[in-house]
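See structure below.
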Amino acid sequence: MTHKIFLFLISFGISVGLPIYAASYKADVLKLSSNEVGVSNLRNKRYCEVLYGERSFLTLVVKVFSTEGLNDCPQDAWQTITKKTIAYSYKTSFVRLNGPRYWMIDGLRSTGGTVNRERESFGGIEMNLRATIKVELLQQFQELWGTEFYRSTIVHRNTTWIYKAGSPVYELVSPSGEQYVMQSYAQIVNPKLLMDDLPSLEQQLQLPKGWSYRTRLLKEDLNLIANGTAYVIQDNLLNSYQRQ
């Protein structure tokens with residue numbers, strides 16, 4: 001399973017899991033309507049995900065489990081989890097560990113999706129099932145093409161990422177001028193990466209020719225709206241960004 005398919009899976013899984021977020025993170029949840037939920041106070045909140053699945057004929061069926069709403073993915077327990085033990089326990093051929101990650105959005109609005117009450121414990125860390133994703137063979141082949149990083153992937157979701165005025169944002173700018181705003185940073189490639197490191201992150205990035213990284217302080221709220229489609233990329237440290 002390539003990085004590109006992995007990016008598609010985790011981005012889709014995140015979008016499905018967002019409508020309900022736990023008070024254990026000190027995030028504020030507001031039900032806006034029967035099918036819309038708003039969440040605030042998310043910046044620098046930590047979460048982890050476990051993905052596992054099997055092929056069913058020509059389709060890869062993957063379950064996405066997340067600590068969102070349950071705990072902050074304790075590091076002592078997380079570091080004991082391995083792909084090998086999960087593959088053995090669940091008799092599965094596909095396993096990916098996604099995390100730890102930290103939100104860099106201040107809040108969100110999301111429509112559709114509900115919390116699935118199916119729960120598993122991985123290495124003593126409780127996680128809820130956030131999504132079951134089916135990737136057809138054609139899509140698997142499509143995701144094999146191109147370079148692994150700094151390449152846009154289409155994610156189908158209905159979300160609004162909210163960045164508050166006065167907050168810093170961290171952006172990648174493509175050679176054609178497209179702007180991608182960081183939605184989460186990861187401690188996967190660099191386990192010591194912290195939010196305080198983000199202003200000088202360019203020193204750790206392997207930017208392709210023509211790409212640039214920048215930070216700026218917002219003078220007014222920034223809302224990144226995905227009405228069915230979001231364009232997401234990752235840098236070489238597996239930090240995630242959505243196109244503005």
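Naming scheme: A, B, ... for chains in displayed order of the structure tokens; residues 1 onward per chain; ligands 1 onward as shown.
The list of residues with at least one atom within 9 Å of range 164-172 of chain A, based on only C-alpha atoms and without residues fewer than 3 positions apart in the same chain, reads A:Met104, A:Ile105, A:Asp106, A:Gly107, A:Tyr150, A:Glu178, A:Gln179, A:Tyr180, A:Val181, A:Met182, A:Gln183, A:Leu198, A:Pro199, A:Trp211, A:Ser212, A:Tyr213, A:Arg214, A:Thr215, A:Arg216, A:Leu217, A:Leu218, A:Lys219, A:Glu220, A:Asp221, A:Leu222, A:Asn223, A:Asp235, A:Tyr241.
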Of the candidates A:Ile133, A:Leu207, A:Val50, A:Val189, which shows the shortest atom-to-atom distance to Pro175 in chain A, using only C-alpha atoms?
A:Leu207
Range 60-67 of chain A environment, 7 Å, only C-alpha atoms, sequence neighbours closer than 6 positions dropped, as a list in words
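Skipping anything fewer than 6 positions along the chain leaves Gly13, Tyr47, Cys48, Glu49, Val50, Leu51, Tyr52, Gly53, Glu54, Cys73, Glu126, Met127, Asn128, Leu129, Arg130, Ala131, Thr132, Ile133, Lys134, Val135 and Glu136 of chain A.
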Mind giving me the straight-line distance from CA of Val232 in chain A to CA of Arg96 in chain A in Å, one decimal?
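So the answer is 18.8 Å.
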Where does range 151-187 of chain A meet range 100-103 of chain A within 8 Å, residue by residue, with the nearest atom pair and distance in Å to one decimal for each, counting only C-alpha atoms, listed by chain and rising number, as CSV?
```
residue,atom,partner,partner_atom,distance
A:Gln183,CA,A:Trp103,CA,6.0
A:Ser184,CA,A:Trp103,CA,4.4
A:Tyr185,CA,A:Tyr102,CA,5.4
A:Ala186,CA,A:Arg101,CA,4.4
A:Gln187,CA,A:Pro100,CA,5.5
```
